[in-house]
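Engineer: Sharing protein_0.csv, CSV, N, CA and C atoms:
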```
chain,number,residue,atom,x,y,z
A,1,MET,N,3.1,-17.2,-2.2
A,1,MET,CA,3.9,-16.5,-1.3
A,1,MET,C,5.0,-15.7,-2.1
A,2,ALA,N,5.6,-16.3,-3.1
A,2,ALA,CA,6.6,-15.7,-3.9
A,2,ALA,C,6.0,-14.4,-4.6
A,3,ASN,N,4.7,-14.5,-5.0
A,3,ASN,CA,4.1,-13.4,-5.6
A,3,ASN,C,3.9,-12.2,-4.6
A,4,SER,N,3.6,-12.5,-3.4
A,4,SER,CA,3.5,-11.5,-2.3
A,4,SER,C,4.8,-10.8,-2.1
A,5,SER,N,5.9,-11.6,-2.0
A,5,SER,CA,7.2,-11.0,-1.7
A,5,SER,C,7.6,-10.1,-2.9
A,6,TRP,N,7.3,-10.5,-4.1
A,6,TRP,CA,7.5,-9.7,-5.3
A,6,TRP,C,6.8,-8.3,-5.2
A,7,LEU,N,5.5,-8.4,-4.7
A,7,LEU,CA,4.8,-7.2,-4.6
A,7,LEU,C,5.4,-6.2,-3.6
A,8,TRP,N,5.8,-6.8,-2.4
A,8,TRP,CA,6.4,-5.9,-1.4
A,8,TRP,C,7.7,-5.3,-1.9
A,9,SER,N,8.5,-6.1,-2.6
A,9,SER,CA,9.7,-5.5,-3.1
A,9,SER,C,9.5,-4.5,-4.1
A,10,PHE,N,8.4,-4.6,-4.9
A,10,PHE,CA,8.0,-3.6,-5.9
A,10,PHE,C,7.6,-2.3,-5.2
A,11,LEU,N,6.9,-2.4,-4.0
A,11,LEU,CA,6.4,-1.3,-3.3
A,11,LEU,C,7.4,-0.7,-2.4
A,12,ASP,N,8.6,-1.3,-2.2
A,12,ASP,CA,9.6,-0.8,-1.3
A,12,ASP,C,10.4,0.4,-2.0
A,13,PRO,N,10.3,1.6,-1.4
A,13,PRO,CA,11.0,2.7,-2.1
A,13,PRO,C,12.5,2.6,-2.2
A,14,LYS,N,13.1,1.7,-1.4
A,14,LYS,CA,14.5,1.5,-1.4
A,14,LYS,C,14.9,0.6,-2.6
A,15,LYS,N,14.0,-0.1,-3.1
A,15,LYS,CA,14.2,-1.1,-4.2
A,15,LYS,C,13.7,-0.6,-5.6
A,16,ASN,N,12.7,0.3,-5.5
A,16,ASN,CA,12.0,0.7,-6.8
A,16,ASN,C,12.0,2.2,-6.9
A,17,TRP,N,12.7,2.7,-7.9
A,17,TRP,CA,12.8,4.2,-8.1
A,17,TRP,C,11.5,4.9,-8.3
A,18,LEU,N,10.5,4.3,-9.0
A,18,LEU,CA,9.2,4.9,-9.2
A,18,LEU,C,8.4,5.0,-7.9
A,19,THR,N,8.5,4.0,-7.1
A,19,THR,CA,7.9,4.0,-5.7
A,19,THR,C,8.5,5.1,-4.9
A,20,ALA,N,9.8,5.3,-5.0
A,20,ALA,CA,10.5,6.4,-4.2
A,20,ALA,C,10.0,7.7,-4.7
A,21,GLN,N,9.9,7.9,-6.0
A,21,GLN,CA,9.4,9.2,-6.6
A,21,GLN,C,8.0,9.5,-6.1
A,22,HIS,N,7.1,8.4,-6.1
A,22,HIS,CA,5.8,8.6,-5.7
A,22,HIS,C,5.7,9.0,-4.3
A,23,MET,N,6.5,8.3,-3.4
A,23,MET,CA,6.5,8.7,-2.0
A,23,MET,C,6.9,10.1,-1.8
A,24,LYS,N,7.9,10.5,-2.5
A,24,LYS,CA,8.4,11.9,-2.4
A,24,LYS,C,7.4,12.9,-2.8
A,25,SER,N,6.6,12.6,-3.9
A,25,SER,CA,5.6,13.4,-4.4
A,25,SER,C,4.4,13.5,-3.3
A,26,VAL,N,4.0,12.4,-2.8
A,26,VAL,CA,3.0,12.4,-1.8
A,26,VAL,C,3.5,13.1,-0.5
A,27,SER,N,4.7,12.9,-0.1
A,27,SER,CA,5.3,13.6,1.0
A,27,SER,C,5.2,15.1,0.9
A,28,ASN,N,5.6,15.6,-0.3
A,28,ASN,CA,5.6,17.0,-0.6
A,28,ASN,C,4.2,17.6,-0.5
A,29,ARG,N,3.2,16.9,-1.0
A,29,ARG,CA,1.8,17.3,-1.0
A,29,ARG,C,1.3,17.4,0.4
A,30,LEU,N,1.6,16.4,1.2
A,30,LEU,CA,1.2,16.4,2.6
A,30,LEU,C,1.9,17.5,3.4
A,31,ARG,N,3.2,17.7,3.2
A,31,ARG,CA,3.9,18.7,3.9
A,31,ARG,C,3.3,20.1,3.6
A,32,LYS,N,2.8,20.4,2.4
A,32,LYS,CA,2.3,21.7,2.1
A,32,LYS,C,1.1,22.0,3.0
A,33,TYR,N,0.3,21.0,3.4
A,33,TYR,CA,-0.8,21.3,4.2
A,33,TYR,C,-0.6,20.8,5.7
A,34,GLY,N,0.5,20.3,6.0
A,34,GLY,CA,0.8,19.9,7.4
A,34,GLY,C,0.1,18.6,7.8
A,35,LEU,N,-0.1,17.7,6.9
A,35,LEU,CA,-0.9,16.5,7.2
A,35,LEU,C,0.1,15.3,7.3
A,36,ARG,N,-0.4,14.3,7.9
A,36,ARG,CA,0.3,13.0,7.9
A,36,ARG,C,-0.5,12.0,7.1
A,37,TYR,N,0.1,11.0,6.6
A,37,TYR,CA,-0.6,10.0,5.7
A,37,TYR,C,-1.8,9.4,6.4
A,38,ASP,N,-1.6,9.1,7.7
A,38,ASP,CA,-2.7,8.5,8.5
A,38,ASP,C,-3.9,9.4,8.6
A,39,ASP,N,-3.7,10.7,8.4
A,39,ASP,CA,-4.8,11.7,8.5
A,39,ASP,C,-5.8,11.5,7.3
A,40,LEU,N,-5.3,10.8,6.2
A,40,LEU,CA,-6.2,10.7,5.1
A,40,LEU,C,-7.2,9.6,5.2
A,41,TYR,N,-7.0,8.7,6.2
A,41,TYR,CA,-8.0,7.7,6.4
A,41,TYR,C,-9.3,8.3,6.9
A,42,ASP,N,-10.5,7.9,6.3
A,42,ASP,CA,-11.8,8.4,6.6
A,42,ASP,C,-12.6,7.5,7.5
A,43,PRO,N,-12.9,7.9,8.8
A,43,PRO,CA,-13.6,7.0,9.7
A,43,PRO,C,-15.0,6.8,9.2
A,44,MET,N,-15.6,7.6,8.3
A,44,MET,CA,-16.9,7.4,7.8
A,44,MET,C,-16.9,6.3,6.7
A,45,TYR,N,-15.8,6.0,6.2
A,45,TYR,CA,-15.7,5.0,5.1
A,45,TYR,C,-15.5,3.6,5.6
A,46,ASP,N,-14.8,3.5,6.7
A,46,ASP,CA,-14.4,2.2,7.2
A,46,ASP,C,-14.6,2.2,8.7
A,47,MET,N,-15.4,1.3,9.2
A,47,MET,CA,-15.7,1.2,10.7
A,47,MET,C,-14.5,0.8,11.5
A,48,ASP,N,-13.6,0.0,10.9
A,48,ASP,CA,-12.3,-0.4,11.6
A,48,ASP,C,-11.5,0.9,11.9
A,49,ILE,N,-11.5,1.8,11.0
A,49,ILE,CA,-10.7,3.1,11.2
A,49,ILE,C,-11.4,3.9,12.3
A,50,LYS,N,-12.7,3.9,12.3
A,50,LYS,CA,-13.5,4.6,13.3
A,50,LYS,C,-13.2,4.0,14.7
A,51,GLU,N,-13.2,2.7,14.8
A,51,GLU,CA,-12.9,2.0,16.0
A,51,GLU,C,-11.5,2.2,16.5
A,52,ALA,N,-10.5,2.2,15.6
A,52,ALA,CA,-9.1,2.5,15.9
A,52,ALA,C,-9.0,3.9,16.4
A,53,LEU,N,-9.6,4.9,15.8
A,53,LEU,CA,-9.5,6.2,16.3
A,53,LEU,C,-10.2,6.4,17.7
A,54,ASN,N,-11.2,5.6,17.9
A,54,ASN,CA,-11.9,5.7,19.3
A,54,ASN,C,-11.0,5.2,20.4
A,55,ARG,N,-10.1,4.2,20.0
A,55,ARG,CA,-9.2,3.6,21.0
A,55,ARG,C,-7.9,4.4,21.2
A,56,LEU,N,-7.6,5.3,20.3
A,56,LEU,CA,-6.4,6.1,20.5
A,56,LEU,C,-6.5,7.1,21.6
A,57,PRO,N,-5.4,7.6,22.3
A,57,PRO,CA,-5.5,8.6,23.3
A,57,PRO,C,-6.1,9.9,22.7
A,58,ARG,N,-6.8,10.6,23.6
A,58,ARG,CA,-7.6,11.8,23.1
A,58,ARG,C,-6.6,12.9,22.5
A,59,GLN,N,-5.4,13.0,23.1
A,59,GLN,CA,-4.5,14.1,22.5
A,59,GLN,C,-4.1,13.8,21.1
A,60,ILE,N,-3.9,12.5,20.8
A,60,ILE,CA,-3.5,12.1,19.4
A,60,ILE,C,-4.7,12.4,18.4
A,61,VAL,N,-5.9,12.1,18.8
A,61,VAL,CA,-7.1,12.4,18.0
A,61,VAL,C,-7.3,13.9,17.8
A,62,ASP,N,-7.1,14.6,18.9
A,62,ASP,CA,-7.2,16.1,18.9
A,62,ASP,C,-6.2,16.7,17.9
A,63,ALA,N,-5.0,16.2,18.0
A,63,ALA,CA,-3.9,16.7,17.1
A,63,ALA,C,-4.3,16.4,15.6
A,64,ARG,N,-4.8,15.2,15.4
A,64,ARG,CA,-5.3,14.8,14.0
A,64,ARG,C,-6.4,15.8,13.5
A,65,ASN,N,-7.4,16.0,14.4
A,65,ASN,CA,-8.4,16.9,14.0
A,65,ASN,C,-7.9,18.3,13.7
A,66,GLN,N,-7.0,18.8,14.5
A,66,GLN,CA,-6.4,20.1,14.3
A,66,GLN,C,-5.6,20.2,13.0
A,67,ARG,N,-4.9,19.1,12.6
A,67,ARG,CA,-4.2,19.1,11.3
A,67,ARG,C,-5.2,19.1,10.2
A,68,LEU,N,-6.3,18.4,10.3
A,68,LEU,CA,-7.3,18.3,9.3
A,68,LEU,C,-8.0,19.7,9.1
A,69,LYS,N,-8.3,20.3,10.2
A,69,LYS,CA,-8.9,21.7,10.2
A,69,LYS,C,-8.0,22.7,9.5
A,70,ARG,N,-6.7,22.6,9.9
A,70,ARG,CA,-5.7,23.6,9.3
A,70,ARG,C,-5.5,23.3,7.8
A,71,ALA,N,-5.5,22.1,7.4
A,71,ALA,CA,-5.4,21.7,6.0
A,71,ALA,C,-6.6,22.2,5.2
A,72,MET,N,-7.8,22.1,5.8
A,72,MET,CA,-9.0,22.6,5.1
A,72,MET,C,-9.0,24.1,5.0
A,73,ASP,N,-8.5,24.8,6.1
A,73,ASP,CA,-8.5,26.2,6.1
A,73,ASP,C,-7.5,26.7,5.0
A,74,LEU,N,-6.3,26.1,5.0
A,74,LEU,CA,-5.3,26.5,4.0
A,74,LEU,C,-5.8,26.2,2.6
A,75,SER,N,-6.4,25.1,2.4
A,75,SER,CA,-7.0,24.8,1.0
A,75,SER,C,-8.0,25.8,0.6
A,76,MET,N,-8.9,26.1,1.5
A,76,MET,CA,-9.9,27.1,1.1
A,76,MET,C,-9.3,28.5,0.8
A,77,LYS,N,-8.2,28.8,1.4
A,77,LYS,CA,-7.6,30.1,1.2
A,77,LYS,C,-6.6,30.0,0.0
A,78,HIS,N,-6.4,28.8,-0.6
A,78,HIS,CA,-5.5,28.6,-1.7
A,78,HIS,C,-4.1,29.0,-1.2
A,79,GLN,N,-3.7,28.5,0.0
A,79,GLN,CA,-2.4,28.8,0.5
A,79,GLN,C,-1.7,27.5,1.0
A,80,TYR,N,-0.4,27.6,1.3
A,80,TYR,CA,0.3,26.4,1.8
A,80,TYR,C,0.9,26.9,3.2
A,81,LEU,N,1.4,25.9,3.9
A,81,LEU,CA,2.1,26.2,5.2
A,81,LEU,C,3.4,27.0,4.8
A,82,PRO,N,3.9,27.9,5.6
A,82,PRO,CA,5.2,28.5,5.4
A,82,PRO,C,6.3,27.5,5.3
A,83,ASP,N,7.3,27.8,4.5
A,83,ASP,CA,8.4,26.8,4.2
A,83,ASP,C,9.0,26.3,5.5
A,84,ASP,N,9.2,27.1,6.5
A,84,ASP,CA,9.9,26.7,7.8
A,84,ASP,C,9.0,25.7,8.5
A,85,LEU,N,7.7,25.8,8.4
A,85,LEU,CA,6.8,24.8,9.0
A,85,LEU,C,6.7,23.5,8.2
A,86,GLN,N,6.8,23.7,6.9
A,86,GLN,CA,6.8,22.5,6.0
A,86,GLN,C,8.0,21.6,6.3
A,87,ALA,N,9.1,22.2,6.6
A,87,ALA,CA,10.3,21.5,6.8
A,87,ALA,C,10.2,20.7,8.1
A,88,MET,N,9.4,21.1,9.1
A,88,MET,CA,9.2,20.4,10.3
A,88,MET,C,8.2,19.2,10.3
A,89,GLN,N,7.5,19.1,9.2
A,89,GLN,CA,6.4,18.1,9.1
A,89,GLN,C,7.0,16.7,8.9
A,90,THR,N,6.3,15.7,9.5
A,90,THR,CA,6.6,14.3,9.3
A,90,THR,C,5.5,13.5,8.7
A,91,PRO,N,5.3,13.6,7.4
A,91,PRO,CA,4.1,13.0,6.8
A,91,PRO,C,3.9,11.5,6.9
A,92,PHE,N,5.0,10.8,7.0
A,92,PHE,CA,4.9,9.3,7.1
A,92,PHE,C,5.1,8.8,8.5
A,93,ARG,N,5.1,9.6,9.5
A,93,ARG,CA,5.2,9.2,10.9
A,93,ARG,C,3.8,8.7,11.3
A,94,SER,N,3.6,7.4,11.5
A,94,SER,CA,2.3,6.8,11.7
A,94,SER,C,1.9,6.8,13.2
A,95,TYR,N,0.6,7.0,13.4
A,95,TYR,CA,0.0,7.0,14.7
A,95,TYR,C,-1.2,6.0,14.7
A,96,LEU,N,-1.7,5.6,13.6
A,96,LEU,CA,-2.9,4.9,13.5
A,96,LEU,C,-2.7,3.4,13.1
A,97,GLN,N,-1.6,3.1,12.4
A,97,GLN,CA,-1.4,1.8,11.8
A,97,GLN,C,-1.4,0.6,12.8
A,98,GLU,N,-0.8,0.8,13.9
A,98,GLU,CA,-0.7,-0.3,14.9
A,98,GLU,C,-2.1,-0.6,15.5
A,99,MET,N,-2.8,0.5,15.9
A,99,MET,CA,-4.2,0.3,16.4
A,99,MET,C,-5.1,-0.3,15.4
A,100,LEU,N,-5.0,0.2,14.1
A,100,LEU,CA,-5.8,-0.3,13.1
A,100,LEU,C,-5.6,-1.8,12.8
A,101,ALA,N,-4.3,-2.2,12.9
A,101,ALA,CA,-4.0,-3.6,12.7
A,101,ALA,C,-4.6,-4.5,13.8
A,102,LEU,N,-4.5,-3.9,15.0
A,102,LEU,CA,-5.1,-4.6,16.2
A,102,LEU,C,-6.6,-4.8,16.0
A,103,VAL,N,-7.3,-3.7,15.6
A,103,VAL,CA,-8.8,-3.8,15.4
A,103,VAL,C,-9.1,-4.8,14.3
A,104,GLN,N,-8.4,-4.8,13.2
A,104,GLN,CA,-8.6,-5.7,12.1
A,104,GLN,C,-8.4,-7.1,12.6
A,105,LYS,N,-7.3,-7.3,13.4
A,105,LYS,CA,-7.1,-8.7,13.9
A,105,LYS,C,-8.2,-9.2,14.8
A,106,GLU,N,-8.6,-8.3,15.7
A,106,GLU,CA,-9.7,-8.7,16.6
A,106,GLU,C,-11.0,-9.0,15.8
A,107,ARG,N,-11.3,-8.2,14.8
A,107,ARG,CA,-12.5,-8.4,14.0
A,107,ARG,C,-12.4,-9.7,13.2
A,108,ALA,N,-11.2,-10.1,12.7
A,108,ALA,CA,-11.0,-11.3,12.0
A,108,ALA,C,-11.2,-12.5,13.0
A,109,GLU,N,-10.7,-12.3,14.2
A,109,GLU,CA,-10.7,-13.4,15.2
A,109,GLU,C,-12.2,-13.6,15.6
A,110,ARG,N,-12.9,-12.5,15.8
A,110,ARG,CA,-14.3,-12.6,16.1
A,110,ARG,C,-15.1,-13.3,15.0
A,111,GLU,N,-14.9,-13.0,13.8
A,111,GLU,CA,-15.5,-13.6,12.7
A,111,GLU,C,-15.2,-15.1,12.6
A,112,ALA,N,-14.0,-15.5,12.9
A,112,ALA,CA,-13.5,-16.9,12.8
A,112,ALA,C,-14.2,-17.7,13.9
A,113,LEU,N,-14.5,-17.0,15.1
A,113,LEU,CA,-15.1,-17.7,16.2
A,113,LEU,C,-16.6,-17.7,16.1
A,114,GLY,N,-17.2,-16.9,15.2
A,114,GLY,CA,-18.6,-16.8,15.0
A,114,GLY,C,-19.2,-15.9,16.0
A,115,ALA,N,-18.5,-15.0,16.7
A,115,ALA,CA,-19.0,-14.1,17.7
A,115,ALA,C,-19.6,-12.8,17.0
A,116,LEU,N,-20.4,-12.1,17.8
A,116,LEU,CA,-21.0,-10.9,17.2
A,116,LEU,C,-19.9,-9.8,17.0
A,117,PRO,N,-20.0,-9.0,16.0
A,117,PRO,CA,-19.0,-7.9,15.8
A,117,PRO,C,-19.1,-6.9,17.0
A,118,LEU,N,-17.9,-6.2,17.1
A,118,LEU,CA,-17.9,-5.2,18.1
A,118,LEU,C,-18.8,-4.0,17.8
A,119,TYR,N,-19.1,-3.8,16.6
A,119,TYR,CA,-19.9,-2.7,16.1
A,119,TYR,C,-20.7,-3.2,14.9
A,120,GLN,N,-21.8,-2.5,14.7
A,120,GLN,CA,-22.6,-2.9,13.5
A,120,GLN,C,-22.1,-2.0,12.3
A,121,ARG,N,-21.9,-2.6,11.2
A,121,ARG,CA,-21.5,-1.9,10.1
A,121,ARG,C,-22.7,-1.3,9.4
A,122,SER,N,-22.6,-0.1,9.0
A,122,SER,CA,-23.7,0.6,8.3
A,122,SER,C,-23.1,1.6,7.3
A,123,ILE,N,-23.9,1.9,6.3
A,123,ILE,CA,-23.5,2.8,5.3
A,123,ILE,C,-23.7,4.2,5.9
A,124,PRO,N,-22.7,5.0,5.8
A,124,PRO,CA,-22.8,6.4,6.4
A,124,PRO,C,-23.8,7.3,5.6
```
Translate this structure into structure tokens?
Structural biologist:
Amino acid sequence: MANSSWLWSFLDPKKNWLTAQHMKSVSNRLRKYGLRYDDLYDPMYDMDIKEALNRLPRQIVDARNQRLKRAMDLSMKHQYLPDDLQAMQTPFRSYLQEMLALVQKERAEREALGALPLYQRSIP
């Protein structure tokens, strides 16, 4: 347990300067394309993420897809969002983490009870 608390304090940007610098760097990169950190999760890689996205309201998923399309378009054009739009972005505002935690908790509970999974895992 002590090792776990050490790890979390190491990853806390308020307590570790390098972590704060890394978060700032990631934030700047995400702002340039108008993305949020949760947009980087790939539903084809992890079935829990796919299930969590399926449970989210349609408008949240549509907004995610729009951000991803805009980012791909900007990347292919070798451009960034205008500075005024970059300033409005909220890269670490989460929309997926709570639902993902719920899906993972349900999966772990089903495995503990020996029940069938909600979905069959397969290689994409």
Engineer: Neighbours of Arg29 of chain A within 12 Å (only C-alpha atoms; same-chain residues fewer than 5 positions away dropped), as a compact mmCIF listing (two decimals) with N, CA and C atoms, in the coordinates of the input?
Structural biologist:
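Result written to selection.txt:
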```txt
# COMPACT_ATOMS: atom_id res chain seq x y z
N HIS A 22 7.10 8.40 -6.10
CA HIS A 22 5.80 8.60 -5.70
C HIS A 22 5.70 9.00 -4.30
N MET A 23 6.50 8.30 -3.40
CA MET A 23 6.50 8.70 -2.00
C MET A 23 6.90 10.10 -1.80
N LYS A 24 7.90 10.50 -2.50
CA LYS A 24 8.40 11.90 -2.40
C LYS A 24 7.40 12.90 -2.80
N GLY A 34 0.50 20.30 6.00
CA GLY A 34 0.80 19.90 7.40
C GLY A 34 0.10 18.60 7.80
N LEU A 35 -0.10 17.70 6.90
CA LEU A 35 -0.90 16.50 7.20
C LEU A 35 0.10 15.30 7.30
N ARG A 36 -0.40 14.30 7.90
CA ARG A 36 0.30 13.00 7.90
C ARG A 36 -0.50 12.00 7.10
N TYR A 37 0.10 11.00 6.60
CA TYR A 37 -0.60 10.00 5.70
C TYR A 37 -1.80 9.40 6.40
N ALA A 71 -5.50 22.10 7.40
CA ALA A 71 -5.40 21.70 6.00
C ALA A 71 -6.60 22.20 5.20
N SER A 75 -6.40 25.10 2.40
CA SER A 75 -7.00 24.80 1.00
C SER A 75 -8.00 25.80 0.60
N TYR A 80 -0.40 27.60 1.30
CA TYR A 80 0.30 26.40 1.80
C TYR A 80 0.90 26.90 3.20
N LEU A 81 1.40 25.90 3.90
CA LEU A 81 2.10 26.20 5.20
C LEU A 81 3.40 27.00 4.80
N GLN A 86 6.80 23.70 6.90
CA GLN A 86 6.80 22.50 6.00
C GLN A 86 8.00 21.60 6.30
N GLN A 89 7.50 19.10 9.20
CA GLN A 89 6.40 18.10 9.10
C GLN A 89 7.00 16.70 8.90
N THR A 90 6.30 15.70 9.50
CA THR A 90 6.60 14.30 9.30
C THR A 90 5.50 13.50 8.70
N PRO A 91 5.30 13.60 7.40
CA PRO A 91 4.10 13.00 6.80
C PRO A 91 3.90 11.50 6.90
N PHE A 92 5.00 10.80 7.00
CA PHE A 92 4.90 9.30 7.10
C PHE A 92 5.10 8.80 8.50
```
Engineer: Using only C-alpha atoms, find the one residue out of A:Tyr33, A:Asp46, A:Leu11, A:Leu53 that sits nearest to Leu74 of chain A.
Structural biologist: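 Comparing A:Tyr33, A:Asp46, A:Leu11, A:Leu53 against Leu74 of chain A, the winner is A:Tyr33.
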Engineer: May I ask for the distance between atom CA of Leu100 of chain A and atom N of Asp48 of chain A, given in Å to one decimal place?
Structural biologist: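 If I compute the distance from atom CA of Leu100 of chain A to atom N of Asp48 of chain A, I get 8.1 Å.
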Engineer: Pick from A:Lys32, A:Gly114, A:Val26, A:Pro13: nearest to Ala87 of chain A, with only C-alpha atoms counted?
Structural biologist: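 Between A:Lys32, A:Gly114, A:Val26, A:Pro13, the residue approaching Ala87 of chain A most closely is A:Lys32.
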Engineer: Interatomic distance between atom C of Thr19 of chain A and atom N of Arg93 of chain A?
Structural biologist: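 So the two atoms, atom C of Thr19 of chain A and atom N of Arg93 of chain A, lie 15.5 Å apart.
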Engineer: Rounded to one decimal place, report the atom CA of Glu51 of chain A-atom CA of Leu68 of chain A distance in Å.
Structural biologist: 18.5 Å
Engineer: Considering only C-alpha atoms, can you say which of A:Leu30, A:Ala63, A:Leu116, A:Leu56 comes closest to Glu98 of chain A?
Structural biologist: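 Under the stated criterion, the closest residue is A:Leu56.
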Engineer: What are the DSSP helix (DSSP H, G or I) residues of chain A, as an MDAnalysis selection string?
Structural biologist: chainID A and resid 2:11 17:33 37:40 47:55 58:76 83:88 97:113
Engineer: Please reconstruct the missing atoms of segment 39-47 of chain A (target: all heavy atoms) and return them as a PDB file, in the frame of the given file.
Structural biologist:
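So the final result, stored in rebuild.pdb, reads:
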```
ATOM      1  N   ASP A  39      -3.700  10.700   8.400  1.00  0.00           N
ATOM      2  CA  ASP A  39      -4.800  11.700   8.500  1.00  0.00           C
ATOM      3  C   ASP A  39      -5.800  11.500   7.300  1.00  0.00           C
ATOM      4  O   ASP A  39      -6.952  11.911   7.375  1.00  0.00           O
ATOM      5  CB  ASP A  39      -4.329  13.120   8.458  1.00  0.00           C
ATOM      6  CG  ASP A  39      -3.521  13.478   9.689  1.00  0.00           C
ATOM      7  OD1 ASP A  39      -3.673  12.798  10.720  1.00  0.00           O
ATOM      8  OD2 ASP A  39      -2.731  14.433   9.606  1.00  0.00           O
ATOM      9  N   LEU A  40      -5.300  10.800   6.200  1.00  0.00           N
ATOM     10  CA  LEU A  40      -6.200  10.700   5.100  1.00  0.00           C
ATOM     11  C   LEU A  40      -7.200   9.600   5.200  1.00  0.00           C
ATOM     12  O   LEU A  40      -8.126   9.488   4.383  1.00  0.00           O
ATOM     13  CB  LEU A  40      -5.284  10.419   3.829  1.00  0.00           C
ATOM     14  CG  LEU A  40      -4.228  11.480   3.537  1.00  0.00           C
ATOM     15  CD1 LEU A  40      -3.407  11.095   2.333  1.00  0.00           C
ATOM     16  CD2 LEU A  40      -4.864  12.843   3.348  1.00  0.00           C
ATOM     17  N   TYR A  41      -7.000   8.700   6.200  1.00  0.00           N
ATOM     18  CA  TYR A  41      -8.000   7.700   6.400  1.00  0.00           C
ATOM     19  C   TYR A  41      -9.300   8.300   6.900  1.00  0.00           C
ATOM     20  O   TYR A  41      -9.338   9.070   7.831  1.00  0.00           O
ATOM     21  CB  TYR A  41      -7.529   6.633   7.432  1.00  0.00           C
ATOM     22  CG  TYR A  41      -6.429   5.757   6.919  1.00  0.00           C
ATOM     23  CD1 TYR A  41      -5.117   5.955   7.330  1.00  0.00           C
ATOM     24  CD2 TYR A  41      -6.688   4.726   6.023  1.00  0.00           C
ATOM     25  CE1 TYR A  41      -4.094   5.145   6.873  1.00  0.00           C
ATOM     26  CE2 TYR A  41      -5.675   3.914   5.563  1.00  0.00           C
ATOM     27  CZ  TYR A  41      -4.382   4.127   5.990  1.00  0.00           C
ATOM     28  OH  TYR A  41      -3.382   3.332   5.526  1.00  0.00           O
ATOM     29  N   ASP A  42     -10.500   7.900   6.300  1.00  0.00           N
ATOM     30  CA  ASP A  42     -11.800   8.400   6.600  1.00  0.00           C
ATOM     31  C   ASP A  42     -12.600   7.500   7.500  1.00  0.00           C
ATOM     32  O   ASP A  42     -12.890   6.370   7.122  1.00  0.00           O
ATOM     33  CB  ASP A  42     -12.548   8.653   5.317  1.00  0.00           C
ATOM     34  CG  ASP A  42     -13.860   9.365   5.536  1.00  0.00           C
ATOM     35  OD1 ASP A  42     -14.171   9.734   6.686  1.00  0.00           O
ATOM     36  OD2 ASP A  42     -14.585   9.566   4.541  1.00  0.00           O
ATOM     37  N   PRO A  43     -12.900   7.900   8.800  1.00  0.00           N
ATOM     38  CA  PRO A  43     -13.600   7.000   9.700  1.00  0.00           C
ATOM     39  C   PRO A  43     -15.000   6.800   9.200  1.00  0.00           C
ATOM     40  O   PRO A  43     -15.678   5.843   9.688  1.00  0.00           O
ATOM     41  CB  PRO A  43     -13.561   7.773  11.006  1.00  0.00           C
ATOM     42  CG  PRO A  43     -13.272   9.176  10.671  1.00  0.00           C
ATOM     43  CD  PRO A  43     -12.495   9.168   9.388  1.00  0.00           C
ATOM     44  N   MET A  44     -15.600   7.600   8.300  1.00  0.00           N
ATOM     45  CA  MET A  44     -16.900   7.400   7.800  1.00  0.00           C
ATOM     46  C   MET A  44     -16.900   6.300   6.700  1.00  0.00           C
ATOM     47  O   MET A  44     -18.003   5.792   6.409  1.00  0.00           O
ATOM     48  CB  MET A  44     -17.520   8.699   7.300  1.00  0.00           C
ATOM     49  CG  MET A  44     -17.646   9.775   8.347  1.00  0.00           C
ATOM     50  SD  MET A  44     -18.699   9.301   9.736  1.00  0.00           S
ATOM     51  CE  MET A  44     -20.284   9.374   8.969  1.00  0.00           C
ATOM     52  N   TYR A  45     -15.800   6.000   6.200  1.00  0.00           N
ATOM     53  CA  TYR A  45     -15.700   5.000   5.100  1.00  0.00           C
ATOM     54  C   TYR A  45     -15.500   3.600   5.600  1.00  0.00           C
ATOM     55  O   TYR A  45     -15.998   2.673   5.056  1.00  0.00           O
ATOM     56  CB  TYR A  45     -14.558   5.435   4.159  1.00  0.00           C
ATOM     57  CG  TYR A  45     -14.348   4.484   3.016  1.00  0.00           C
ATOM     58  CD1 TYR A  45     -15.254   4.436   1.968  1.00  0.00           C
ATOM     59  CD2 TYR A  45     -13.268   3.616   2.998  1.00  0.00           C
ATOM     60  CE1 TYR A  45     -15.073   3.554   0.919  1.00  0.00           C
ATOM     61  CE2 TYR A  45     -13.075   2.738   1.959  1.00  0.00           C
ATOM     62  CZ  TYR A  45     -13.981   2.713   0.914  1.00  0.00           C
ATOM     63  OH  TYR A  45     -13.809   1.834  -0.116  1.00  0.00           O
ATOM     64  N   ASP A  46     -14.800   3.500   6.700  1.00  0.00           N
ATOM     65  CA  ASP A  46     -14.400   2.200   7.200  1.00  0.00           C
ATOM     66  C   ASP A  46     -14.600   2.200   8.700  1.00  0.00           C
ATOM     67  O   ASP A  46     -14.005   2.989   9.466  1.00  0.00           O
ATOM     68  CB  ASP A  46     -12.952   1.856   6.886  1.00  0.00           C
ATOM     69  CG  ASP A  46     -12.558   0.439   7.227  1.00  0.00           C
ATOM     70  OD1 ASP A  46     -13.367  -0.291   7.830  1.00  0.00           O
ATOM     71  OD2 ASP A  46     -11.419   0.056   6.891  1.00  0.00           O
ATOM     72  N   MET A  47     -15.400   1.300   9.200  1.00  0.00           N
ATOM     73  CA  MET A  47     -15.700   1.200  10.700  1.00  0.00           C
ATOM     74  C   MET A  47     -14.500   0.800  11.500  1.00  0.00           C
ATOM     75  O   MET A  47     -14.383   1.091  12.649  1.00  0.00           O
ATOM     76  CB  MET A  47     -16.885   0.233  10.918  1.00  0.00           C
ATOM     77  CG  MET A  47     -18.192   0.697  10.282  1.00  0.00           C
ATOM     78  SD  MET A  47     -18.739   2.302  10.874  1.00  0.00           S
ATOM     79  CE  MET A  47     -19.339   1.860  12.475  1.00  0.00           C
TER      80      MET A  47
END
```
